[in-house]
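*Asks:* Have a look at this one before I ask anything.
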Amino acid sequence: MHGFLKILTAAGSVGFTTPAMACDLALALAFDVSGSVNAEEYRLQVDGLAAALRDPAVSEALVRGLVAVMVMQWTGSSRQHISLPWRRIESFADVDQLASDVARIERGWRDFSTAIGEAMQLAMSSFVDVPDCAQHVIDISADGVSNEGVLPQDMRPALKAAAIVVNGLAIESDVDGLVGYFRQSVITGPGAFVIRASDYTDYPRAILQKLLREVTDQLADIGSSEHQAIRDRR
C-alpha cells in the first residue's frame with residue numbers, strides 16, 4: 001500500500017508543480033589545441049576522451065542522467081570553436097556516436113597562445129541552448145597558464161552568478177605547479193576540482209577519472225537513487 005500511495009502522490013503532483021528537469025547535467029568539454037600541443041598529443045586528447053566516454057560507468061551515467069554534452073577546442077584569443085554542438089544523450093547508441101564523433105574532430109589551430117578565460121566565455125555563452133539542465137559544468141583541459149585574452153579569474157563573478165561550475169584537468173608536461181594555478185585561477189563553483197595528468201600519455205587516465213567524478217558524483221548529488229547505484233558500483 002505504501003508503494004501504491006507513493007505512485008499516486010507522484011502522479012498527482014504532475015499537474016500542480018513545475019515540470020521536472022528534462023536533463024540533469026549539461027557538460028561542456030573544452031580541450032587545448034594551443035601551440036604547445038603537438039600532433040601526437042592532440043591525438044592522445046581526442047582518442048582519450050572518446051575512450052573515457054565509452055567507459056561503462058561513464059556511459060551508463062550519461063544515459064541515465066539524460067546528460068547534454070558539448071565539445072569545443074580552444075587556443076589563443078578569439079580562437080575558440082564548438083566542434084560538436086550540444087546533443088542529448090538518451091541511449092548507449094548516442095554515447096557511442098558521440099565518442100566516434102569526438103575521435104574524428106579535426107584540429108582547427110596549431111600555433112597560437114593559451115586563452116583559458118576566452119574558452120570559458122564561449123562555453124558559458126553556449127549554456128543558453130540547454131536551459132532545462134539542472135547543472136551546468138565546464139570541463140577544461142590545458143597544459144599551460146593563460147597568457148592571452150581575458151584572465152580566467154576575471155570570469156569567476158559571471159560564472160558564479162550563472163551557477164556554472166568549472167572543473168580543470170592540468171597537464172603538467174611543461175609547467176610545474178599547473179595544478180596550483182588551476183586551483184587559484186581557473187576552477188570555480190561548489191565542489192569544483194582539478195585533476196592532474198603528469199603528461200599527455202597520462203591524459204586518457206586523467207580524463208576518465210575526471211568524467212567519472214563529473215557524471216557520477218555530480219549526478220548523485222541531485223539525489224536520484226539510480227545515480228547513487230552507479231556511484232556505489234565504482
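Just so we're on the same page: first chain in the C-alpha cells is A, next is B, and so on; residues restart at 1 for each chain, and ligands are numbered from 1 in the order they show up.
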Using DSSP on the backbone coordinates, identify the residues of region 2-175 of chain A assigned to strand (DSSP E); present them as a VMD selection string.

*Replies:* chain A and resid 23 to 32 68 to 74 80 to 88 133 to 142 164 to 171

*Asks:* Need to verify the contact set: region 131-148 of chain A, 8 Å, only C-alpha atoms, exclusion of same-chain residues closer than 4 positions in sequence. Can you return it as a ChimeraX atom specification?

*Replies:* /A:21-32,36,67-68,76-77,113-117,120,123-124,127,152,163-175,178,181

*Asks:* Set out as CSV a contact list for region 32-142 of chain A and region 197-221 of chain A with a cut-off of 8 Å, giving each residue of region 32-142 of chain A that qualifies its closest atom pair and distance in Å to one decimal, counting only C-alpha atoms, ordered by chain and rising residue number.

*Replies:*
```
residue,atom,partner,partner_atom,distance
A:Glu41,CA,A:Tyr200,CA,5.9
A:Leu44,CA,A:Tyr200,CA,6.6
A:Gln45,CA,A:Tyr203,CA,6.7
A:Asp47,CA,A:Pro204,CA,7.8
A:Gly48,CA,A:Pro204,CA,4.2
A:Leu49,CA,A:Ile207,CA,6.5
A:Ala51,CA,A:Pro204,CA,7.6
A:Ala52,CA,A:Leu208,CA,4.8
A:Leu53,CA,A:Leu208,CA,7.7
A:Asp55,CA,A:Leu208,CA,7.8
A:Ala57,CA,A:Leu212,CA,7.3
A:Val58,CA,A:Leu212,CA,5.9
A:Ala61,CA,A:Thr216,CA,5.9
A:Leu62,CA,A:Val215,CA,6.6
A:Gly65,CA,A:Leu219,CA,7.0
```

*Asks:* Per residue of region 122-150 of chain A within 9 Å of region 83-103 of chain A, record the nearest atom pair and its distance in Å to one decimal, counting only C-alpha atoms, with rows in chain order and ascending residue number, as a tab-separated table.

*Replies:*
```
residue	atom	partner	partner_atom	distance
A:Ser126	CA	A:Trp86	CA	8.4
A:Phe127	CA	A:Trp86	CA	8.8
A:Asp129	CA	A:Trp86	CA	7.5
A:Val130	CA	A:Trp86	CA	7.7
```

*Asks:* Out of A:Arg64, A:Arg110, A:Lys160, A:Arg54, which residue has the shortest atom-to-atom distance to Gly35 (chain A) when counting only C-alpha atoms?

*Replies:*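 Among the listed residues, A:Arg110 lies closest to Gly35 (chain A).
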
*Asks:* Measuring between only C-alpha atoms, which one of A:Asp176, A:Ala50, A:Glu118, A:Pro190 shows the shortest distance to Met155 (chain A)?

*Replies:*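 The closest residue to Met155 (chain A) is A:Glu118.
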
*Asks:* So what do you get for CA of Ile82 (chain A) versus CA of Gly189 (chain A), distance-wise?

*Replies:* 22.8 Å

*Asks:* Smallest atom-to-atom distance to Gln121 (chain A): which of A:Ser78, A:Gln184, A:Ser59, A:Asn38, using only C-alpha atoms?

*Replies:*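 Among the listed residues, A:Ser78 lies closest to Gln121 (chain A).
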
*Asks:* One number please: CA of Gln80 (chain A) to CA of Val63 (chain A), in Å, one decimal.

*Replies:*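 One can read the CA of Gln80 (chain A) to CA of Val63 (chain A) distance as 27.9 Å.
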
*Asks:* Taking only region 67-220 of chain A into account, list the residues labelled alpha helix (DSSP H) by DSSP (computed from the backbone), as a ChimeraX atom specification.

*Replies:* /A:92-103,116-126,156-161,178-181,203-212,218-220
